[in-house]
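With compact mmCIF, C-alpha atoms and all ligand atoms inside, this is target09.txt:
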# COMPACT_ATOMS: atom_id res chain seq x y z
CA MET H 57 0.00 0.00 0.00
CA VAL H 58 1.24 3.47 -0.84
CA ARG H 59 0.21 7.04 -0.37
CA VAL H 60 -0.39 9.42 -3.26
CA TYR H 61 0.73 12.98 -2.79
CA LEU H 62 0.09 15.89 -5.13
CA HIS H 63 2.17 18.80 -3.94
CA ASP H 64 1.31 22.27 -5.23
CA VAL H 65 0.19 20.87 -8.58
CA THR H 66 -0.90 23.27 -11.29
CA LYS H 67 -2.05 22.36 -14.78
CA VAL H 68 -2.43 25.12 -17.33
CA PHE H 69 -3.91 24.12 -20.70
CA SER H 70 -4.05 27.67 -22.04
CA LYS H 71 -4.11 31.23 -20.72
CA SER H 72 -7.78 30.98 -19.93
CA VAL H 73 -7.87 27.32 -18.85
CA ILE H 74 -6.18 26.59 -15.54
CA ALA H 75 -7.50 23.10 -14.88
CA LEU H 76 -5.68 22.68 -11.54
CA ASP H 77 -4.51 25.56 -9.42
CA HIS H 78 -1.91 24.81 -6.70
CA VAL H 79 -3.56 21.56 -5.64
CA GLU H 80 -2.31 20.04 -2.41
CA LEU H 81 -3.76 16.58 -1.87
CA GLU H 82 -2.46 13.70 0.19
CA VAL H 83 -4.23 10.38 -0.12
CA LYS H 84 -3.09 8.11 2.68
CA SER H 85 -2.04 4.55 2.14
CA GLY H 86 -5.17 2.40 1.71
CA GLU H 87 -7.46 5.40 1.82
CA PHE H 88 -10.55 5.88 -0.35
CA MET H 89 -10.48 9.52 -1.46
CA VAL H 90 -13.39 10.90 -3.43
CA VAL H 91 -12.68 14.06 -5.39
CA MET H 92 -15.84 15.90 -6.27
CA GLY H 93 -16.74 19.03 -8.13
CA PRO H 94 -18.86 20.26 -11.03
CA SER H 95 -18.19 19.33 -14.62
CA GLY H 96 -15.11 20.96 -16.09
CA HIS H 97 -13.56 21.85 -12.73
CA GLY H 98 -10.44 19.69 -13.03
CA LYS H 99 -11.34 16.26 -11.66
CA THR H 100 -10.33 14.21 -14.69
CA THR H 101 -7.16 16.26 -15.06
CA LEU H 102 -6.21 15.41 -11.48
CA LEU H 103 -6.60 11.69 -12.22
CA ARG H 104 -4.75 11.90 -15.53
CA ILE H 105 -1.85 13.69 -13.87
CA THR H 106 -1.70 11.00 -11.18
CA ALA H 107 -1.80 8.25 -13.81
CA GLY H 108 0.85 9.94 -15.95
CA LEU H 109 -1.47 10.58 -18.90
CA GLU H 110 -0.85 14.29 -18.46
CA GLU H 111 2.15 16.24 -17.19
CA PRO H 112 1.72 18.90 -14.53
CA THR H 113 2.73 22.43 -15.49
CA ASP H 114 4.09 22.88 -11.99
CA GLY H 115 4.32 20.95 -8.73
CA ASP H 116 5.28 17.42 -7.76
CA VAL H 117 3.44 14.10 -7.84
CA TRP H 118 4.52 11.30 -5.51
CA ILE H 119 3.37 7.70 -5.50
CA GLY H 120 4.75 6.07 -2.38
CA ASP H 121 8.29 7.32 -1.94
CA LYS H 122 8.77 7.73 -5.67
CA LEU H 123 8.63 11.16 -7.29
CA VAL H 124 6.76 10.37 -10.51
CA ALA H 125 6.34 13.87 -11.95
CA SER H 126 7.98 17.21 -11.35
CA ALA H 127 8.23 19.92 -13.99
CA ARG H 128 10.94 21.77 -12.08
CA LYS H 129 13.10 18.71 -11.51
CA GLY H 130 12.49 17.42 -15.02
CA VAL H 131 11.03 14.15 -13.73
CA PHE H 132 8.33 12.27 -15.61
CA ILE H 133 7.69 8.57 -15.09
CA PRO H 134 5.41 7.22 -17.87
CA PRO H 135 2.07 5.55 -16.98
CA LYS H 136 3.29 2.00 -17.54
CA ASP H 137 5.93 2.42 -14.83
CA ARG H 138 3.62 3.97 -12.23
CA ASN H 139 1.78 0.85 -11.12
CA VAL H 140 -1.56 2.57 -11.27
CA GLY H 141 -4.88 1.10 -12.49
CA MET H 142 -7.43 3.38 -14.07
CA VAL H 143 -11.13 2.93 -14.72
CA PHE H 144 -12.31 5.41 -17.32
CA GLN H 145 -15.66 7.15 -17.37
CA ASN H 146 -16.92 5.23 -20.42
CA TRP H 147 -15.10 2.04 -19.24
CA ALA H 148 -13.24 1.94 -22.59
CA LEU H 149 -13.70 -1.81 -23.12
CA TYR H 150 -12.51 -3.23 -26.44
CA PRO H 151 -15.77 -4.31 -28.17
CA HIS H 152 -14.11 -6.83 -30.50
CA MET H 153 -12.39 -8.66 -27.62
CA LYS H 154 -14.01 -11.14 -25.28
CA VAL H 155 -14.11 -10.28 -21.58
CA PHE H 156 -11.13 -12.56 -20.91
CA ASP H 157 -9.01 -10.73 -23.47
CA ASN H 158 -10.15 -7.33 -22.25
CA ILE H 159 -8.98 -8.15 -18.75
CA ALA H 160 -5.83 -9.88 -19.99
CA PHE H 161 -4.78 -6.93 -22.14
CA PRO H 162 -2.59 -5.07 -19.58
CA LEU H 163 -0.76 -8.33 -18.81
CA ARG H 164 -0.19 -9.19 -22.48
CA ILE H 165 1.52 -5.86 -23.10
CA LYS H 166 3.77 -6.72 -20.18
CA ASN H 167 4.63 -9.97 -22.01
CA MET H 168 3.55 -12.10 -19.09
CA PRO H 169 3.58 -15.87 -19.76
CA ARG H 170 0.27 -17.30 -20.98
CA GLN H 171 -0.40 -19.56 -18.03
CA GLU H 172 0.21 -16.82 -15.55
CA ILE H 173 -2.13 -14.51 -17.46
CA GLU H 174 -4.85 -17.15 -17.36
CA LYS H 175 -4.43 -17.61 -13.63
CA LYS H 176 -4.51 -13.89 -12.84
CA VAL H 177 -7.49 -13.14 -15.09
CA LYS H 178 -9.48 -15.97 -13.53
CA GLU H 179 -8.56 -14.84 -10.03
CA VAL H 180 -9.60 -11.25 -10.55
CA ALA H 181 -12.79 -12.30 -12.39
CA GLU H 182 -13.65 -14.49 -9.42
CA VAL H 183 -13.13 -11.64 -6.96
CA LEU H 184 -15.31 -9.35 -9.06
CA GLY H 185 -18.04 -11.95 -9.62
CA ILE H 186 -17.74 -12.06 -13.41
CA ALA H 187 -16.05 -15.45 -13.85
CA GLU H 188 -18.97 -16.75 -15.91
CA THR H 189 -18.72 -13.90 -18.42
CA LEU H 190 -15.11 -14.42 -19.55
CA ASP H 191 -16.16 -16.01 -22.82
CA ARG H 192 -18.58 -13.27 -23.81
CA TYR H 193 -18.21 -9.97 -25.61
CA PRO H 194 -18.80 -6.71 -23.71
CA ARG H 195 -22.05 -6.05 -25.64
CA GLN H 196 -23.44 -9.29 -24.21
CA LEU H 197 -23.12 -7.98 -20.63
CA SER H 198 -25.28 -5.69 -18.48
CA GLY H 199 -24.00 -2.22 -17.61
CA GLY H 200 -23.06 -3.35 -14.11
CA GLN H 201 -21.12 -6.33 -15.47
CA GLN H 202 -19.29 -4.18 -18.03
CA GLN H 203 -18.24 -1.89 -15.23
CA ARG H 204 -16.86 -4.85 -13.30
CA VAL H 205 -14.86 -5.87 -16.34
CA ALA H 206 -13.38 -2.36 -16.48
CA ILE H 207 -12.48 -2.61 -12.79
CA ALA H 208 -11.05 -6.10 -13.28
CA ARG H 209 -8.86 -4.81 -16.11
CA ALA H 210 -7.61 -2.01 -13.85
CA LEU H 211 -6.90 -4.41 -10.97
CA VAL H 212 -5.41 -7.39 -12.81
CA LYS H 213 -1.88 -6.05 -12.81
CA GLU H 214 -2.16 -5.58 -9.04
CA PRO H 215 -1.65 -1.84 -9.04
CA GLN H 216 -0.71 0.06 -5.93
CA VAL H 217 -3.23 2.77 -6.72
CA LEU H 218 -6.72 2.61 -8.24
CA LEU H 219 -8.08 5.65 -10.07
CA MET H 220 -11.75 5.79 -11.08
CA ASP H 221 -13.29 8.50 -13.23
CA GLU H 222 -17.07 8.80 -12.72
CA PRO H 223 -17.40 4.99 -12.74
CA PHE H 224 -21.15 5.03 -12.09
CA SER H 225 -22.32 7.62 -14.59
CA ASN H 226 -23.38 5.02 -17.18
CA LEU H 227 -25.48 3.04 -14.72
CA ASP H 228 -29.14 3.56 -13.94
CA ALA H 229 -30.14 4.55 -10.42
CA ARG H 230 -30.83 1.08 -9.01
CA VAL H 231 -27.72 -0.57 -10.44
CA ARG H 232 -25.72 2.42 -9.28
CA VAL H 233 -26.60 1.78 -5.63
CA MET H 234 -25.43 -1.83 -5.93
CA ALA H 235 -22.31 -0.87 -7.87
CA ARG H 236 -21.36 1.62 -5.15
CA ALA H 237 -21.67 -1.01 -2.45
CA PHE H 238 -19.63 -3.38 -4.58
CA VAL H 239 -16.82 -0.89 -5.22
CA LYS H 240 -16.66 0.00 -1.54
CA ASP H 241 -16.45 -3.66 -0.59
CA ILE H 242 -13.68 -4.44 -3.12
CA GLN H 243 -11.69 -1.40 -2.06
CA ARG H 244 -11.94 -2.43 1.59
CA ARG H 245 -11.03 -6.02 0.93
CA LEU H 246 -8.02 -5.15 -1.20
CA GLY H 247 -7.08 -2.13 0.89
CA ILE H 248 -5.92 -0.37 -2.23
CA THR H 249 -5.26 3.38 -2.19
CA THR H 250 -8.10 4.76 -4.32
CA ILE H 251 -9.05 8.07 -5.87
CA LEU H 252 -12.53 8.24 -7.35
CA VAL H 253 -13.85 11.37 -9.02
CA THR H 254 -17.52 12.23 -9.28
CA HIS H 255 -19.94 15.12 -9.43
CA ASP H 256 -22.52 13.12 -7.47
CA PRO H 257 -22.62 13.89 -3.73
CA ALA H 258 -24.24 10.52 -3.02
CA ASP H 259 -21.13 8.77 -4.41
CA ALA H 260 -18.92 10.91 -2.24
CA LEU H 261 -20.91 10.59 0.97
CA THR H 262 -21.37 6.83 0.73
CA LEU H 263 -17.91 5.81 -0.50
CA ALA H 264 -15.29 8.18 0.79
CA ASP H 265 -13.01 7.89 3.75
CA ARG H 266 -12.35 11.54 2.96
CA ILE H 267 -13.74 13.93 0.37
CA ALA H 268 -11.87 16.66 -1.51
CA VAL H 269 -14.02 19.32 -3.17
CA LEU H 270 -12.67 21.07 -6.26
CA ARG H 271 -13.92 24.35 -7.65
CA ARG H 272 -12.34 25.71 -10.81
CA GLY H 273 -9.23 23.69 -10.13
CA VAL H 274 -8.86 24.90 -6.56
CA VAL H 275 -9.30 22.56 -3.59
CA GLN H 276 -11.99 24.07 -1.37
CA GLN H 277 -11.99 21.56 1.44
CA ILE H 278 -10.69 18.13 2.33
CA GLY H 279 -12.39 16.27 5.14
CA LEU H 280 -14.44 13.38 6.41
CA PRO H 281 -17.84 13.12 4.72
CA SER H 282 -19.53 14.27 7.95
CA GLU H 283 -17.19 17.27 8.24
CA VAL H 284 -17.77 18.38 4.68
CA TYR H 285 -21.54 17.95 5.11
CA ASP H 286 -21.89 19.50 8.56
CA LYS H 287 -19.07 22.05 8.52
CA PRO H 288 -18.69 23.05 4.89
CA PHE H 289 -15.85 25.51 4.38
CA ASN H 290 -18.01 27.81 2.27
CA ILE H 291 -21.39 28.18 0.56
CA PHE H 292 -20.14 26.47 -2.60
CA VAL H 293 -19.23 23.31 -0.69
CA ALA H 294 -22.42 23.45 1.41
CA ASN H 295 -24.53 23.61 -1.73
CA PHE H 296 -22.58 21.05 -3.67
CA ILE H 297 -22.56 18.28 -1.10
CA GLY H 298 -26.32 18.37 -0.49
CA ASP H 299 -29.51 20.41 -0.46
CA ILE H 300 -29.40 23.46 1.75
CA ASN H 301 -31.68 26.43 2.38
CA LEU H 302 -29.75 29.69 2.26
CA ILE H 303 -31.32 32.72 3.92
CA GLU H 304 -29.73 36.14 3.69
CA GLY H 305 -29.92 38.36 6.71
CA PHE H 306 -28.04 40.55 9.09
CA ILE H 307 -27.18 40.45 12.73
CA GLU H 308 -29.20 42.49 15.15
CA SER H 309 -27.87 41.83 18.58
CA ASN H 310 -29.78 44.36 20.61
CA GLY H 311 -33.14 43.25 21.92
CA PRO H 312 -33.53 39.50 22.16
CA GLY H 313 -30.63 38.95 19.81
CA VAL H 314 -31.83 37.76 16.46
CA LEU H 315 -30.89 37.18 12.92
CA PHE H 316 -33.36 39.34 11.12
CA ASN H 317 -34.40 38.48 7.63
CA GLY H 318 -36.55 40.22 5.08
CA GLY H 319 -38.02 42.27 7.89
CA ASP H 320 -40.36 39.59 9.17
CA VAL H 321 -38.47 36.49 10.15
CA LYS H 322 -36.44 36.55 13.30
CA ILE H 323 -34.16 33.68 14.03
CA PRO H 324 -32.88 33.73 17.59
CA LEU H 325 -29.20 33.01 17.93
CA SER H 326 -27.42 31.92 21.07
CA GLU H 327 -25.66 34.59 23.11
CA LYS H 328 -22.37 32.85 22.54
CA LEU H 329 -22.85 33.06 18.80
CA LEU H 330 -23.97 36.67 18.90
CA GLU H 331 -20.84 37.63 20.80
CA ALA H 332 -18.78 36.24 17.96
CA LEU H 333 -20.63 38.27 15.33
CA ASP H 334 -20.49 41.94 14.50
CA GLU H 335 -23.64 43.98 14.87
CA ARG H 336 -25.37 44.43 11.50
CA SER H 337 -22.89 42.26 9.67
CA SER H 338 -24.43 40.57 6.64
CA VAL H 339 -24.64 36.83 6.85
CA VAL H 340 -26.16 33.89 5.05
CA LEU H 341 -27.80 31.29 7.23
CA GLY H 342 -27.74 27.75 5.90
CA ILE H 343 -30.01 24.98 7.10
CA ARG H 344 -30.45 21.59 5.49
CA PRO H 345 -33.99 20.34 4.71
CA GLU H 346 -33.76 17.56 7.27
CA ASP H 347 -32.91 20.06 10.03
CA ILE H 348 -36.26 21.84 9.78
CA VAL H 349 -39.33 20.49 11.55
CA LEU H 350 -42.90 21.42 10.60
CA SER H 351 -45.92 20.98 12.78
CA ARG H 352 -49.57 22.02 12.69
CA GLU H 353 -49.54 22.08 16.49
CA GLU H 354 -47.17 23.84 18.85
CA LEU H 355 -44.24 21.62 19.70
CA GLN H 356 -42.37 21.33 22.93
CA VAL H 357 -39.09 23.02 22.08
CA GLY H 358 -35.69 22.05 23.43
CA ASP H 359 -32.64 20.20 22.14
CA GLY H 360 -31.81 23.17 19.97
CA LEU H 361 -35.23 23.24 18.32
CA VAL H 362 -36.50 26.81 17.97
CA ASN H 363 -39.74 28.15 16.54
CA VAL H 364 -38.88 30.66 13.82
CA GLY H 365 -42.41 31.47 12.68
CA ARG H 366 -45.38 30.22 10.77
CA GLY H 367 -45.49 29.21 7.15
CA VAL H 368 -47.80 27.89 4.46
CA VAL H 369 -47.20 24.55 2.74
CA GLU H 370 -46.89 25.02 -1.03
CA ILE H 371 -45.77 21.56 -2.11
CA SER H 372 -45.76 18.20 -0.36
CA GLU H 373 -44.46 15.22 -2.30
CA PHE H 374 -44.14 11.63 -1.17
CA ALA H 375 -40.57 10.47 -1.62
CA GLY H 376 -40.63 6.93 -0.26
CA GLY H 377 -40.74 6.91 3.54
CA LYS H 378 -40.46 10.70 3.73
CA PHE H 379 -42.00 13.83 2.23
CA ASN H 380 -40.33 16.64 0.36
CA VAL H 381 -42.16 19.75 1.46
CA MET H 382 -41.88 23.36 0.32
CA VAL H 383 -42.99 25.97 2.83
CA ARG H 384 -43.34 29.70 2.31
CA MET H 385 -42.61 31.87 5.32
CA SER H 386 -42.66 35.67 4.92
CA GLY H 387 -41.30 35.63 1.40
CA ILE H 388 -38.75 32.90 2.10
CA GLU H 389 -39.16 29.48 0.51
CA LEU H 390 -37.85 26.61 2.56
CA LYS H 391 -37.22 23.06 1.45
CA VAL H 392 -38.02 20.59 4.21
CA VAL H 393 -37.66 16.84 4.46
CA SER H 394 -40.45 15.72 6.74
CA SER H 395 -41.55 12.39 8.17
CA SER H 396 -45.21 13.43 8.00
CA SER H 397 -47.30 14.60 5.09
CA PHE H 398 -49.02 17.96 4.79
CA GLY H 399 -51.78 19.33 2.59
CA ILE H 400 -51.20 22.20 0.21
CA GLY H 401 -52.14 25.43 1.99
CA ASP H 402 -51.67 23.99 5.51
CA GLN H 403 -50.56 26.55 8.08
CA VAL H 404 -47.61 25.18 10.01
CA ASN H 405 -45.19 26.15 12.72
CA VAL H 406 -41.60 26.14 11.44
CA TYR H 407 -38.84 24.96 13.75
CA PHE H 408 -35.09 25.11 13.07
CA ASN H 409 -32.63 22.78 14.72
CA MET H 410 -30.21 25.50 15.82
CA ASN H 411 -27.49 22.93 16.51
CA LYS H 412 -27.37 22.31 12.79
CA ILE H 413 -27.45 25.82 11.35
CA LYS H 414 -24.48 27.19 9.45
CA LEU H 415 -23.66 30.87 9.27
CA PHE H 416 -21.62 32.22 6.38
CA ASN H 417 -20.04 35.59 5.85
CA LYS H 418 -22.10 37.10 3.04
CA SER H 419 -19.23 38.75 1.20
CA THR H 420 -16.56 36.02 1.46
CA GLU H 421 -19.13 33.19 1.58
CA THR H 422 -16.96 31.34 4.09
CA LEU H 423 -18.28 29.59 7.17
CA ILE H 424 -18.32 31.72 10.33
CA TYR H 425 -19.95 29.14 12.52
P1 LIG C 1 -16.09 16.39 -16.28
O1 LIG C 1 -16.81 16.02 -15.02
O2 LIG C 1 -16.98 17.06 -17.28
O3 LIG C 1 -15.29 15.28 -16.85
P2 LIG C 1 -13.78 17.53 -14.97
O4 LIG C 1 -14.08 18.16 -13.66
O5 LIG C 1 -13.23 16.18 -14.99
O6 LIG C 1 -15.08 17.58 -15.89
P3 LIG C 1 -11.51 18.29 -16.57
O7 LIG C 1 -11.82 17.31 -17.66
O8 LIG C 1 -10.38 17.98 -15.68
O9 LIG C 1 -12.81 18.56 -15.70
O10 LIG C 1 -11.28 19.70 -17.26
C1 LIG C 1 -10.86 20.86 -16.54
C2 LIG C 1 -10.72 22.00 -17.55
O11 LIG C 1 -9.61 21.74 -18.41
C3 LIG C 1 -11.91 22.19 -18.46
O12 LIG C 1 -12.06 23.57 -18.70
C4 LIG C 1 -11.50 21.46 -19.72
O13 LIG C 1 -12.16 22.02 -20.85
C5 LIG C 1 -10.01 21.72 -19.76
N1 LIG C 1 -9.25 20.66 -20.45
C6 LIG C 1 -9.19 19.36 -20.09
N2 LIG C 1 -8.38 18.67 -20.91
C7 LIG C 1 -7.89 19.57 -21.81
C8 LIG C 1 -6.98 19.47 -22.90
N3 LIG C 1 -6.40 18.32 -23.24
N4 LIG C 1 -6.73 20.61 -23.60
C9 LIG C 1 -7.30 21.77 -23.26
N5 LIG C 1 -8.16 21.93 -22.23
C10 LIG C 1 -8.45 20.85 -21.50
Write-out of the structure in structure tokens:
Amino acid sequence: MVRVYLHDVTKVFSKSVIALDHVELEVKSGEFMVVMGPSGHGKTTLLRITAGLEEPTDGDVWIGDKLVASARKGVFIPPKDRNVGMVFQNWALYPHMKVFDNIAFPLRIKNMPRQEIEKKVKEVAEVLGIAETLDRYPRQLSGGQQQRVAIARALVKEPQVLLMDEPFSNLDARVRVMARAFVKDIQRRLGITTILVTHDPADALTLADRIAVLRRGVVQQIGLPSEVYDKPFNIFVANFIGDINLIEGFIESNGPGVLFNGGDVKIPLSEKLLEALDERSSVVLGIRPEDIVLSREELQVGDGLVNVGRGVVEISEFAGGKFNVMVRMSGIELKVVSSSSFGIGDQVNVYFNMNKIKLFNKSTETLIY
């Protein structure tokens, strides 16, 4: 097992395209790192630089204790000598080759003896549950099976590092859930240092030991899934990793001490929090849909639950075991995930779980609390 370390890596494609901007990323030995970000923000470039399919413009790339790329030091180890397996977004299987030959391909170009190739292909196919497909062509397999073949081909040469580029994007929702569980299980069993890139927060939250969020080639935050979700570094990360209601307001600490929004909604903040904030500073309050509680009756408050006003239900949709509700409260629309259903037009009390709110500085958009 090895660590992967990108030190101050920049990749400039042209004056206007800086795909990676001073990226600092350490993936620990055996760790499952998920790199996420919107389309075109540098994820694939990061993988390609790690694999050696692209050279960094600046910075160093380490795999284990080996410096594999450094523009300044004039070092560049080609992909075949990096001991890295890559699963591409479209899986890139050879359609004219049977599954066996697809998986065997990386070993054949290494000139491995025939018998050894046969043994290794069968072993990896067994591990990935595709042993019975070896004699078929890729087009004769389901999407999930094709993906396993792509993973098998990446793993057959026993790489020290596994790189996966949006491996689930070609799978439909149900197969995707199973494929995620499968990838997580394989990664755990093999203990292989893995970097997976995705734009799907569900991939990141379910698979990652740690998540790195990229925005326009700049790393915004690296942390445990729970850290990134609960303590996002800024509004971009908060929004990207999951649904969040964002309410603009300003601090009014005289009187009961409230965050005052739109004139009508007052959200009481704790004294401790108010002390940390400047009077009349502009903030954005973030609260996730599952941290809002709606009730037709008055609820016993406590445990951080605070009544912030009354609202009217505009939408209530069943979403399998829960309801996605939209509530309007004094000009603010709030998304709520609720365990109970409501009728359109219902008047409800709106409660915020104040232990879960996030406050951002409005101008820098970074997390204050
Ligand atoms: P996606 O999720 O759509 O694959 P991504 O986050 O993986 O996107 P990259 O493919 O890394 O993003 O691209 C980052 C930026 O670099 C984009 O603006 C892209 O157009 C640009 N880019 C990538 N490869 C090249 C290249 N070979 N030449 C020029 N520009 C490139």
Find the spatial neighbours of H:Val155, counting only C-alpha atoms, within a cut-off of 8 Å - ignore same-chain residues fewer than 2 positions away - and output them as a PyMOL selection string.
chain H and resi 153+157-159+189-194+205
Given all atoms listed in the file, how would the per-residue table for stretch 64-149 of chain H near stretch 256-259 of chain H read, listing every residue at most 9 Å away with its closest atom pair and distance in Å to one decimal, sorted by chain and number, as JSON lines?
{"residue": "H:Val90", "atom": "CA", "partner": "H:Asp259", "partner_atom": "CA", "distance": 8.1}
{"residue": "H:Met92", "atom": "CA", "partner": "H:Asp256", "partner_atom": "CA", "distance": 7.3}
{"residue": "H:Gly93", "atom": "CA", "partner": "H:Asp256", "partner_atom": "CA", "distance": 8.3}
{"residue": "H:Pro94", "atom": "CA", "partner": "H:Asp256", "partner_atom": "CA", "distance": 8.8}
Name the residues, by chain letter and number, that sit within 10 Å of ligand LIG 1 (chain C) using all atoms listed in the file, and give them as a compact mmCIF listing (two decimals) with C-alpha atoms, in the coordinates of the input.
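pocket07.txt, freshly written:
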# COMPACT_ATOMS: atom_id res chain seq x y z
CA LYS H 67 -2.05 22.36 -14.78
CA VAL H 68 -2.43 25.12 -17.33
CA PHE H 69 -3.91 24.12 -20.70
CA SER H 70 -4.05 27.67 -22.04
CA SER H 72 -7.78 30.98 -19.93
CA VAL H 73 -7.87 27.32 -18.85
CA ILE H 74 -6.18 26.59 -15.54
CA ALA H 75 -7.50 23.10 -14.88
CA LEU H 76 -5.68 22.68 -11.54
CA VAL H 91 -12.68 14.06 -5.39
CA MET H 92 -15.84 15.90 -6.27
CA GLY H 93 -16.74 19.03 -8.13
CA PRO H 94 -18.86 20.26 -11.03
CA SER H 95 -18.19 19.33 -14.62
CA GLY H 96 -15.11 20.96 -16.09
CA HIS H 97 -13.56 21.85 -12.73
CA GLY H 98 -10.44 19.69 -13.03
CA LYS H 99 -11.34 16.26 -11.66
CA THR H 100 -10.33 14.21 -14.69
CA THR H 101 -7.16 16.26 -15.06
CA LEU H 102 -6.21 15.41 -11.48
CA LEU H 103 -6.60 11.69 -12.22
CA ARG H 104 -4.75 11.90 -15.53
CA ILE H 105 -1.85 13.69 -13.87
CA GLU H 110 -0.85 14.29 -18.46
CA GLN H 145 -15.66 7.15 -17.37
CA ASP H 221 -13.29 8.50 -13.23
CA GLU H 222 -17.07 8.80 -12.72
CA VAL H 253 -13.85 11.37 -9.02
CA THR H 254 -17.52 12.23 -9.28
CA HIS H 255 -19.94 15.12 -9.43
CA ASP H 256 -22.52 13.12 -7.47
CA LEU H 270 -12.67 21.07 -6.26
CA ARG H 271 -13.92 24.35 -7.65
CA ARG H 272 -12.34 25.71 -10.81
CA GLY H 273 -9.23 23.69 -10.13
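In this comparison, which uses all atoms listed in the file, the residue of H:Asp265, H:Glu188, H:Glu179, H:Glu304 approaching H:Glu421 most closely is H:Glu304.
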May I have the protein, DNA and RNA residues with any atom at most 8 Å from the point (-35.8, 16.6, 2.5), counting all atoms listed in the file, written as a PyMOL selection string?
chain H and resi 299+344-346+378-381+391-394
Could you write out that same residue set with C-alpha atoms as a PDB file, in the frame of the given file?
ATOM      1  CA  ASP H 299     -29.510  20.410  -0.460  1.00  0.00           C
ATOM      2  CA  ARG H 344     -30.450  21.590   5.490  1.00  0.00           C
ATOM      3  CA  PRO H 345     -33.990  20.340   4.710  1.00  0.00           C
ATOM      4  CA  GLU H 346     -33.760  17.560   7.270  1.00  0.00           C
ATOM      5  CA  LYS H 378     -40.460  10.700   3.730  1.00  0.00           C
ATOM      6  CA  PHE H 379     -42.000  13.830   2.230  1.00  0.00           C
ATOM      7  CA  ASN H 380     -40.330  16.640   0.360  1.00  0.00           C
ATOM      8  CA  VAL H 381     -42.160  19.750   1.460  1.00  0.00           C
ATOM      9  CA  LYS H 391     -37.220  23.060   1.450  1.00  0.00           C
ATOM     10  CA  VAL H 392     -38.020  20.590   4.210  1.00  0.00           C
ATOM     11  CA  VAL H 393     -37.660  16.840   4.460  1.00  0.00           C
ATOM     12  CA  SER H 394     -40.450  15.720   6.740  1.00  0.00           C
TER      13      SER H 394
END
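When all atoms listed in the file are used to measure the gap to H:Gly115, the shortest distance among H:Val79, H:Met89, H:Ile413, H:Val65 belongs to H:Val65.
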If you count all atoms listed in the file, which residues fall within 8 Å of stretch 347-360 of chain H, apart from same-chain ones fewer than 6 positions away, as a list in words?
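Surrounding residues, per the criterion: Val392, Val393, Ser394, Asp402, Gln403, Val404, Asn405, Val406, Tyr407, Phe408, Asn409, Met410, Asn411 and Lys412 of chain H.
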So which residues are close to (-9.0, 7.9, -9.7), meaning at most 8 Å away in the file's coordinates with all atoms listed in the file counted, and can you show them as a PyMOL selection string?
chain H and resi 103+142-143+218-221+250-253
Residues just named, written with C-alpha atoms as an mmCIF file, keeping the file's coordinate frame:
data_model
loop_
_atom_site.group_PDB
_atom_site.id
_atom_site.type_symbol
_atom_site.label_atom_id
_atom_site.label_comp_id
_atom_site.auth_asym_id
_atom_site.auth_seq_id
_atom_site.Cartn_x
_atom_site.Cartn_y
_atom_site.Cartn_z
ATOM 1 C CA LEU H 103 -6.600 11.690 -12.220
ATOM 2 C CA MET H 142 -7.430 3.380 -14.070
ATOM 3 C CA VAL H 143 -11.130 2.930 -14.720
ATOM 4 C CA LEU H 218 -6.720 2.610 -8.240
ATOM 5 C CA LEU H 219 -8.080 5.650 -10.070
ATOM 6 C CA MET H 220 -11.750 5.790 -11.080
ATOM 7 C CA ASP H 221 -13.290 8.500 -13.230
ATOM 8 C CA THR H 250 -8.100 4.760 -4.320
ATOM 9 C CA ILE H 251 -9.050 8.070 -5.870
ATOM 10 C CA LEU H 252 -12.530 8.240 -7.350
ATOM 11 C CA VAL H 253 -13.850 11.370 -9.020
#
At a cut-off of 9 Å, using all atoms listed in the file, what residues contact H:Val60? Leave out same-chain residues fewer than 2 positions from it and give the result as a PDB file with C-alpha atoms, keeping the file's coordinate frame.
ATOM      1  CA  VAL H  58       1.240   3.470  -0.840  1.00  0.00           C
ATOM      2  CA  LEU H  62       0.090  15.890  -5.130  1.00  0.00           C
ATOM      3  CA  LEU H  81      -3.760  16.580  -1.870  1.00  0.00           C
ATOM      4  CA  GLU H  82      -2.460  13.700   0.190  1.00  0.00           C
ATOM      5  CA  VAL H  83      -4.230  10.380  -0.120  1.00  0.00           C
ATOM      6  CA  LYS H  84      -3.090   8.110   2.680  1.00  0.00           C
ATOM      7  CA  SER H  85      -2.040   4.550   2.140  1.00  0.00           C
ATOM      8  CA  THR H 106      -1.700  11.000 -11.180  1.00  0.00           C
ATOM      9  CA  VAL H 117       3.440  14.100  -7.840  1.00  0.00           C
ATOM     10  CA  TRP H 118       4.520  11.300  -5.510  1.00  0.00           C
ATOM     11  CA  ILE H 119       3.370   7.700  -5.500  1.00  0.00           C
ATOM     12  CA  GLY H 120       4.750   6.070  -2.380  1.00  0.00           C
ATOM     13  CA  VAL H 217      -3.230   2.770  -6.720  1.00  0.00           C
ATOM     14  CA  THR H 249      -5.260   3.380  -2.190  1.00  0.00           C
TER      15      THR H 249
END
Take atom CA of H:Val177 and atom CA of H:Val124 and report the distance between them in Å, one decimal.
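Rounded to one decimal, the two atoms are 27.9 Å apart.
Atom pair atom CA of H:Phe238 / atom CA of H:Gly200 has a distance of 10.1 Å (rounded to one decimal).
The spacing separating atom CA of H:Val362 from atom CA of H:Met385 amounts to 14.9 Å.
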Fewer than 5 positions away in the same chain doesn't count, so skip those; otherwise give me all residues within 10 Å of H:Gly401, counting all atoms listed in the file, as a VMD selection string.
chain H and resid 367 to 372 383 to 384
Find the residues near stretch 131-137 of chain H: any atom within 6 Å, counting all atoms listed in the file, skip ones fewer than 5 places away on the same chain, and give them as a PyMOL selection string.
chain H and resi 107-108+124-126
